[in-house]
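As provided, final.cif (mmCIF, C-alpha atoms) reads as follows.
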data_upload
#
loop_
_atom_site.label_atom_id
_atom_site.label_comp_id
_atom_site.auth_asym_id
_atom_site.auth_seq_id
_atom_site.Cartn_x
_atom_site.Cartn_y
_atom_site.Cartn_z
CA MET A 6 -15.22 -26.88 -7.41
CA LEU A 7 -15.77 -26.14 -11.08
CA THR A 8 -13.32 -23.72 -12.67
CA GLU A 9 -16.30 -22.01 -14.27
CA TYR A 10 -19.97 -22.53 -14.96
CA LYS A 11 -22.93 -20.66 -16.45
CA THR A 12 -26.13 -19.66 -14.68
CA VAL A 13 -28.69 -16.86 -14.86
CA ALA A 14 -27.96 -13.50 -13.24
CA GLY A 15 -31.30 -13.57 -11.44
CA TYR A 16 -35.00 -13.24 -12.20
CA GLY A 17 -36.20 -12.57 -15.73
CA GLU A 18 -39.45 -12.61 -17.68
CA ASP A 19 -40.60 -11.84 -21.22
CA TYR A 20 -43.16 -13.14 -23.69
CA ILE A 21 -43.67 -14.13 -27.31
CA VAL A 22 -46.82 -14.75 -29.36
CA ILE A 23 -47.00 -17.80 -31.65
CA GLU A 24 -50.13 -18.49 -33.69
CA ARG A 25 -52.12 -16.25 -31.32
CA SER A 26 -51.02 -18.24 -28.25
CA ARG A 27 -49.14 -16.14 -25.70
CA PHE A 28 -46.05 -17.81 -24.19
CA ILE A 29 -44.60 -16.06 -21.13
CA GLY A 30 -41.13 -17.21 -20.15
CA TYR A 31 -39.86 -16.93 -16.58
CA ALA A 32 -36.38 -17.79 -15.32
CA GLN A 33 -34.84 -17.69 -11.86
CA ARG A 34 -31.55 -18.72 -10.28
CA VAL A 35 -32.11 -21.50 -7.73
CA THR A 36 -29.68 -23.54 -5.67
CA THR A 37 -32.01 -26.14 -4.15
CA GLU A 38 -34.94 -28.20 -5.37
CA GLU A 39 -37.10 -26.50 -2.72
CA GLU A 40 -36.31 -23.08 -4.20
CA ALA A 41 -37.18 -24.34 -7.69
CA VAL A 42 -40.47 -25.87 -6.58
CA ALA A 43 -41.40 -22.67 -4.73
CA PHE A 44 -40.62 -20.54 -7.79
CA ILE A 45 -42.74 -22.74 -10.05
CA ALA A 46 -45.59 -22.66 -7.53
CA MET A 47 -45.41 -18.86 -7.42
CA ILE A 48 -45.73 -18.57 -11.21
CA LYS A 49 -48.59 -21.11 -11.28
CA LYS A 50 -50.41 -19.11 -8.60
CA LYS A 51 -49.84 -15.89 -10.53
CA HIS A 52 -51.20 -17.48 -13.72
CA TRP A 53 -53.87 -19.72 -12.21
CA ASP A 54 -56.06 -19.01 -15.24
CA ALA A 55 -53.42 -19.98 -17.85
CA THR A 56 -53.91 -22.96 -20.14
CA HIS A 57 -50.57 -24.45 -19.05
CA ASN A 58 -47.62 -23.59 -16.80
CA CYS A 59 -44.86 -25.90 -18.03
CA SER A 60 -41.52 -26.01 -16.29
CA ALA A 61 -38.07 -27.50 -15.80
CA PHE A 62 -35.02 -26.94 -13.65
CA VAL A 63 -31.39 -28.02 -13.45
CA ILE A 64 -29.49 -27.85 -10.15
CA GLY A 65 -26.04 -28.89 -8.98
CA GLU A 66 -22.41 -28.84 -10.03
CA ASN A 67 -22.96 -31.95 -12.14
CA ASP A 68 -26.60 -31.19 -13.06
CA GLN A 69 -27.55 -33.96 -10.65
CA ILE A 70 -31.06 -32.62 -10.02
CA GLN A 71 -33.22 -32.35 -13.15
CA ARG A 72 -37.01 -32.15 -13.28
CA SER A 73 -39.57 -31.17 -15.90
CA SER A 74 -43.34 -30.94 -16.22
CA ASP A 75 -45.62 -30.81 -19.27
CA ASP A 76 -48.50 -29.55 -17.08
CA GLY A 77 -51.16 -31.02 -19.33
CA GLU A 78 -49.50 -30.54 -22.71
CA PRO A 79 -48.91 -33.75 -24.74
CA SER A 80 -46.10 -35.80 -23.19
CA GLY A 81 -42.64 -34.62 -24.18
CA THR A 82 -43.77 -31.45 -25.97
CA ALA A 83 -43.18 -28.87 -23.22
CA GLY A 84 -41.25 -29.84 -20.09
CA LYS A 85 -38.58 -31.81 -21.92
CA PRO A 86 -37.88 -29.07 -24.54
CA ILE A 87 -37.56 -26.54 -21.70
CA LEU A 88 -35.13 -28.83 -19.87
CA GLU A 89 -33.10 -29.58 -22.99
CA CYS A 90 -32.81 -25.89 -23.85
CA ILE A 91 -31.49 -25.12 -20.36
CA LYS A 92 -28.96 -27.96 -20.60
CA LYS A 93 -27.82 -27.20 -24.15
CA ASN A 94 -27.07 -23.64 -23.08
CA GLY A 95 -24.94 -25.13 -20.29
CA VAL A 96 -26.88 -23.26 -17.62
CA LYS A 97 -26.82 -24.59 -14.04
CA ASP A 98 -28.88 -23.74 -10.94
CA THR A 99 -31.73 -22.46 -13.07
CA ALA A 100 -35.51 -22.90 -13.10
CA VAL A 101 -37.71 -21.94 -16.06
CA VAL A 102 -41.50 -21.74 -16.35
CA VAL A 103 -43.21 -21.13 -19.68
CA THR A 104 -46.83 -20.10 -19.25
CA ARG A 105 -49.20 -20.54 -22.18
CA TYR A 106 -52.49 -18.81 -22.88
CA PHE A 107 -54.09 -20.74 -25.75
CA GLY A 108 -54.97 -18.60 -28.75
CA GLY A 109 -57.28 -20.97 -30.57
CA ILE A 110 -54.84 -22.49 -33.05
CA LYS A 111 -53.36 -25.93 -32.34
CA LEU A 112 -49.63 -26.14 -32.95
CA GLY A 113 -49.10 -29.89 -33.16
CA ALA A 114 -46.32 -31.75 -31.37
CA GLY A 115 -43.47 -30.22 -33.38
CA GLY A 116 -44.93 -26.76 -33.07
CA LEU A 117 -45.25 -27.11 -29.31
CA VAL A 118 -41.64 -28.23 -28.95
CA ARG A 119 -40.46 -25.21 -30.94
CA ALA A 120 -42.77 -22.85 -29.04
CA TYR A 121 -41.70 -23.98 -25.57
CA THR A 122 -38.06 -23.90 -26.64
CA ALA A 123 -38.54 -20.34 -27.88
CA GLY A 124 -40.26 -19.47 -24.61
CA THR A 125 -37.26 -20.81 -22.69
CA VAL A 126 -34.81 -18.81 -24.80
CA THR A 127 -36.95 -15.73 -24.15
CA ALA A 128 -36.78 -16.38 -20.39
CA LEU A 129 -33.02 -16.97 -20.35
CA LYS A 130 -32.36 -13.80 -22.34
CA ALA A 131 -34.53 -11.81 -19.94
CA ALA A 132 -32.72 -13.27 -16.91
CA LYS A 133 -29.32 -12.75 -18.56
CA ILE A 134 -26.80 -15.59 -18.57
CA VAL A 135 -23.56 -15.08 -16.66
CA ILE A 136 -20.36 -17.08 -16.24
CA HIS A 137 -19.08 -17.76 -12.74
CA THR A 138 -15.29 -18.07 -12.88
CA LEU A 139 -13.42 -19.49 -9.89
CA HIS A 140 -10.91 -17.07 -8.34
CA GLN A 141 -8.49 -17.31 -5.42
CA THR A 142 -8.09 -14.42 -2.99
CA ILE A 143 -4.41 -13.58 -2.52
CA SER A 144 -3.34 -10.99 0.06
CA VAL A 145 -0.19 -8.99 -0.62
CA SER A 146 1.18 -7.12 2.40
CA VAL A 147 4.05 -4.63 2.06
CA ASP A 148 5.66 -1.72 3.88
CA TYR A 149 4.52 1.70 2.73
CA THR A 150 7.83 2.21 0.91
CA TRP A 151 6.86 -0.59 -1.50
CA TRP A 152 3.18 0.30 -1.87
CA GLY A 153 3.56 2.71 -4.80
CA LYS A 154 5.28 0.06 -6.88
CA VAL A 155 2.76 -2.63 -5.93
CA GLU A 156 -0.22 -0.34 -6.51
CA ASN A 157 1.06 0.62 -9.94
CA GLU A 158 1.57 -3.01 -10.95
CA LEU A 159 -1.94 -3.92 -9.78
CA ARG A 160 -3.37 -1.06 -11.83
CA VAL A 161 -1.30 -1.68 -14.98
CA GLY A 162 -1.96 -5.41 -14.80
CA GLU A 163 -5.70 -4.74 -14.40
CA TYR A 164 -5.89 -7.09 -11.43
CA ARG A 165 -9.20 -7.41 -9.61
CA VAL A 166 -8.62 -5.85 -6.17
CA SER A 167 -11.42 -6.64 -3.70
CA GLY A 168 -10.10 -4.41 -0.92
CA THR A 169 -7.09 -2.66 0.61
CA ASP A 170 -6.17 -2.35 4.31
CA PHE A 171 -3.96 0.45 5.59
CA THR A 172 -2.49 -0.39 9.00
CA ASP A 173 1.18 -0.64 9.96
CA LYS A 174 1.54 -2.13 6.48
CA VAL A 175 -0.56 -1.94 3.30
CA THR A 176 -2.42 -5.13 2.38
CA ALA A 177 -4.13 -5.57 -0.99
CA HIS A 178 -6.61 -8.41 -1.40
CA VAL A 179 -6.57 -9.55 -5.01
CA LEU A 180 -8.83 -12.02 -6.82
CA ILE A 181 -6.78 -14.20 -9.17
CA PRO A 182 -8.30 -16.67 -11.70
CA GLU A 183 -7.85 -20.31 -10.74
CA GLY A 184 -4.61 -21.64 -12.21
CA GLU A 185 -2.83 -18.27 -12.26
CA GLN A 186 -1.90 -18.12 -8.56
CA ASP A 187 1.72 -19.29 -8.91
CA ALA A 188 2.49 -16.76 -11.63
CA PHE A 189 0.97 -13.96 -9.53
CA VAL A 190 2.96 -14.91 -6.42
CA ALA A 191 6.17 -15.15 -8.45
CA ARG A 192 5.54 -11.78 -10.09
CA PHE A 193 4.96 -9.87 -6.85
CA THR A 194 7.72 -11.67 -4.99
CA ASP A 195 10.13 -10.59 -7.72
CA LEU A 196 8.65 -7.07 -7.89
CA THR A 197 9.29 -6.47 -4.16
CA ASN A 198 12.61 -8.32 -3.96
CA GLY A 199 10.95 -10.85 -1.66
CA GLN A 200 9.77 -8.18 0.79
CA ALA A 201 6.04 -8.82 0.29
CA GLN A 202 4.14 -11.10 2.62
CA ILE A 203 1.84 -13.12 0.38
CA SER A 204 -0.91 -15.43 1.63
CA LEU A 205 -3.71 -17.41 0.00
CA GLY A 206 -7.29 -16.86 1.18
CA GLU A 207 -10.73 -18.14 0.24
CA LYS A 208 -11.87 -19.17 -3.21
CA GLU A 209 -14.96 -17.58 -4.71
CA TYR A 210 -16.74 -17.15 -8.02
CA VAL A 211 -16.59 -13.92 -10.00
CA GLU A 212 -19.56 -13.19 -12.25
CA VAL A 213 -19.14 -12.12 -15.88
CA PRO A 214 -22.02 -11.47 -18.35
CA VAL A 215 -22.58 -13.63 -21.44
CA GLU A 216 -24.10 -11.99 -24.50
CA ALA A 217 -25.56 -14.87 -26.50
CA VAL A 218 -28.30 -17.36 -25.63
CA GLY A 219 -28.65 -20.37 -27.92
CA ASP A 220 -31.73 -22.07 -29.33
CA GLU A 221 -32.69 -25.72 -28.92
CA GLN A 222 -29.65 -26.79 -30.90
CA GLY A 223 -27.35 -24.85 -28.57
CA GLU A 224 -26.50 -22.35 -31.31
CA ALA A 225 -25.71 -18.78 -30.41
#
What does the file become when written as structure tokens?
Amino acid sequence: MLTEYKTVAGYGEDYIVIERSRFIGYAQRVTTEEEAVAFIAMIKKKHWDATHNCSAFVIGENDQIQRSSDDGEPSGTAGKPILECIKKNGVKDTAVVVTRYFGGIKLGAGGLVRAYTAGTVTALKAAKIVIHTLHQTISVSVDYTWWGKVENELRVGEYRVSGTDFTDKVTAHVLIPEGEQDAFVARFTDLTNGQAQISLGEKEYVEVPVEAVGDEQGEA
């Protein structure tokens, strides 16, 4: 599993106008090629009267699934710029469609590349990019006499507690960033004089927002 990766938070849409042509950018998180194809088909159905519905998607831990479509625009001027913009922003499991309504002014090959790149940036900003950081669930179980000390340390250390069980003992389930597990176990073993029962659970990704979205050069 990757220690961290970027993707979109969910669905997003927005538009820009370039030389009277309207470019509407759509982005969606997808985890399979079937989901991506269905999303693109939905946008194409919604904008059946558009001049073009160009698209691209990147799926997989190693970006192993990549597809793009110019949808009638000159070869390499739409689908590829969309795909490259997604990749240069390091975004995975993401599909983007940029719909164009022609405004009467031809943009030329370079203009089209810049326009579809800008449409992709617009879509990614609308969908909001997030970082998924791999965390390990660690359960810390102590007698009630130790709970005040453990609870205080969890609060002061600003640990991410996903839940707490109160039974014959108190068990806190804590999400720890990958690579920091040993230090956490050592800290709470020392804190409780070895009285805590500590066990490792499942690994999962924690989502954190990212403010900036880069252009075609990957610049923020």
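Closest approach to A:Gly81 from the set A:Thr56, A:Thr194, A:Thr99, A:Thr122 is made by A:Thr122, with distances taken over only C-alpha atoms.
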Practice item. Identify all residues satisfying the PyMOL selection byres ((chain A and resi 174-186) around 9) in the given file; provide them as a PyMOL selection string. Key: chain A and resi 8+138-149+151-152+155-156+159+164-173+187-191+202+205-206+208-209+211
Exercise for review: Translate the PyMOL selection byres ((chain A and resi 27) around 12), as applied to the file shown, into an explicit residue set as JSON, numbers by chain.
Suggested key: {"A": [19, 20, 21, 22, 23, 24, 25, 26, 28, 29, 30, 55, 56, 57, 58, 103, 104, 105, 106, 107, 108, 109, 110, 120, 121, 123, 124]}
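You will find atom CA of A:Ala201 at 14.8 Å from atom CA of A:Asn157.
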Check your understanding: Which distance in Å separates atom CA of A:Lys11 and atom CA of A:Asp75, to one decimal?
Key -> 25.0 Å
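As for atom CA of A:Leu129 and atom CA of A:Ala32, they are spaced 6.1 Å apart.
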Practice item. Taking the file as shown, find all residues satisfying the PyMOL selection byres ((chain A and resi 41) around 10) and write them as a PyMOL selection string. Key: chain A and resi 33-40+42-47+60-64+72+98-101
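Among the candidates A:Leu7, A:Glu66, A:Glu158, A:Lys85, the residue lying nearest to A:Thr197 is A:Glu158 (atoms considered: only C-alpha atoms).
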**Study point:** Residue nearest A:Lys130 among A:Val96, A:Met6, A:Ile203, A:Ala83 (counting only C-alpha atoms)
**Key:** A:Val96
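In this comparison, which uses all atoms listed in the file, the residue of A:Leu112, A:Ala132, A:Val213, A:Ile87 approaching A:Gln71 most closely is A:Ile87.
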Is there a way to complete stretch 45-56 of chain A with all heavy atoms and then write that out as a tab-separated table (two decimals), keeping the file's coordinate frame?
chain	number	residue	atom	x	y	z
A	45	ILE	N	-41.73	-22.24	-9.12
A	45	ILE	CA	-42.74	-22.74	-10.05
A	45	ILE	C	-44.14	-22.55	-9.48
A	45	ILE	O	-45.07	-22.13	-10.18
A	45	ILE	CB	-42.48	-24.23	-10.38
A	45	ILE	CG1	-41.16	-24.36	-11.16
A	45	ILE	CG2	-43.63	-24.82	-11.18
A	45	ILE	CD1	-40.64	-25.78	-11.26
A	46	ALA	N	-44.29	-22.83	-8.19
A	46	ALA	CA	-45.59	-22.66	-7.53
A	46	ALA	C	-46.04	-21.20	-7.56
A	46	ALA	O	-47.23	-20.91	-7.74
A	46	ALA	CB	-45.52	-23.16	-6.09
A	47	MET	N	-45.09	-20.29	-7.39
A	47	MET	CA	-45.41	-18.86	-7.42
A	47	MET	C	-45.95	-18.45	-8.79
A	47	MET	O	-46.95	-17.71	-8.89
A	47	MET	CB	-44.16	-18.05	-7.08
A	47	MET	CG	-44.39	-16.53	-7.10
A	47	MET	SD	-42.84	-15.61	-6.91
A	47	MET	CE	-42.11	-15.85	-8.55
A	48	ILE	N	-45.28	-18.92	-9.85
A	48	ILE	CA	-45.73	-18.57	-11.21
A	48	ILE	C	-47.10	-19.20	-11.49
A	48	ILE	O	-47.98	-18.57	-12.09
A	48	ILE	CB	-44.70	-19.03	-12.25
A	48	ILE	CG1	-43.35	-18.37	-12.00
A	48	ILE	CG2	-45.20	-18.71	-13.67
A	48	ILE	CD1	-43.37	-16.85	-12.02
A	49	LYS	N	-47.29	-20.44	-11.06
A	49	LYS	CA	-48.59	-21.11	-11.28
A	49	LYS	C	-49.71	-20.39	-10.53
A	49	LYS	O	-50.84	-20.29	-11.03
A	49	LYS	CB	-48.50	-22.58	-10.85
A	49	LYS	CG	-47.56	-23.40	-11.72
A	49	LYS	CD	-47.52	-24.86	-11.30
A	49	LYS	CE	-48.76	-25.60	-11.81
A	49	LYS	NZ	-48.61	-27.07	-11.64
A	50	LYS	N	-49.40	-19.87	-9.36
A	50	LYS	CA	-50.41	-19.11	-8.60
A	50	LYS	C	-50.71	-17.79	-9.30
A	50	LYS	O	-51.87	-17.37	-9.40
A	50	LYS	CB	-49.91	-18.85	-7.18
A	50	LYS	CG	-50.91	-18.11	-6.31
A	50	LYS	CD	-50.38	-17.95	-4.89
A	50	LYS	CE	-51.40	-17.21	-4.02
A	50	LYS	NZ	-50.89	-17.03	-2.63
A	51	LYS	N	-49.67	-17.15	-9.82
A	51	LYS	CA	-49.84	-15.89	-10.53
A	51	LYS	C	-50.69	-16.08	-11.78
A	51	LYS	O	-51.53	-15.23	-12.12
A	51	LYS	CB	-48.46	-15.33	-10.91
A	51	LYS	CG	-48.50	-14.04	-11.71
A	51	LYS	CD	-47.08	-13.56	-12.01
A	51	LYS	CE	-47.10	-12.26	-12.82
A	51	LYS	NZ	-45.72	-11.77	-13.10
A	52	HIS	N	-50.48	-17.20	-12.47
A	52	HIS	CA	-51.20	-17.48	-13.72
A	52	HIS	C	-52.13	-18.69	-13.52
A	52	HIS	O	-52.10	-19.64	-14.31
A	52	HIS	CB	-50.20	-17.75	-14.85
A	52	HIS	CG	-49.41	-16.54	-15.27
A	52	HIS	ND1	-49.97	-15.47	-15.92
A	52	HIS	CD2	-48.09	-16.24	-15.08
A	52	HIS	CE1	-49.03	-14.56	-16.16
A	52	HIS	NE2	-47.89	-15.00	-15.66
A	53	TRP	N	-52.94	-18.62	-12.51
A	53	TRP	CA	-53.87	-19.72	-12.21
A	53	TRP	C	-54.85	-19.96	-13.34
A	53	TRP	O	-55.38	-21.06	-13.51
A	53	TRP	CB	-54.64	-19.40	-10.92
A	53	TRP	CG	-55.44	-18.12	-11.04
A	53	TRP	CD1	-55.03	-16.87	-10.71
A	53	TRP	CD2	-56.78	-18.00	-11.52
A	53	TRP	NE1	-56.03	-15.94	-10.97
A	53	TRP	CE2	-57.12	-16.61	-11.46
A	53	TRP	CE3	-57.74	-18.90	-12.00
A	53	TRP	CZ2	-58.36	-16.12	-11.86
A	53	TRP	CZ3	-58.98	-18.40	-12.40
A	53	TRP	CH2	-59.28	-17.03	-12.33
A	54	ASP	N	-55.09	-18.92	-14.16
A	54	ASP	CA	-56.06	-19.01	-15.24
A	54	ASP	C	-55.42	-19.38	-16.58
A	54	ASP	O	-56.10	-19.43	-17.61
A	54	ASP	CB	-56.82	-17.70	-15.39
A	54	ASP	CG	-55.90	-16.51	-15.68
A	54	ASP	OD1	-54.68	-16.61	-15.38
A	54	ASP	OD2	-56.38	-15.49	-16.19
A	55	ALA	N	-54.10	-19.65	-16.59
A	55	ALA	CA	-53.42	-19.98	-17.85
A	55	ALA	C	-53.82	-21.39	-18.31
A	55	ALA	O	-54.24	-22.23	-17.53
A	55	ALA	CB	-51.91	-19.90	-17.65
A	56	THR	N	-53.64	-21.63	-19.60
A	56	THR	CA	-53.91	-22.96	-20.14
A	56	THR	C	-52.91	-23.97	-19.61
A	56	THR	O	-53.27	-25.09	-19.24
A	56	THR	CB	-53.85	-22.92	-21.69
A	56	THR	OG1	-54.56	-21.78	-22.17
A	56	THR	CG2	-54.46	-24.18	-22.27
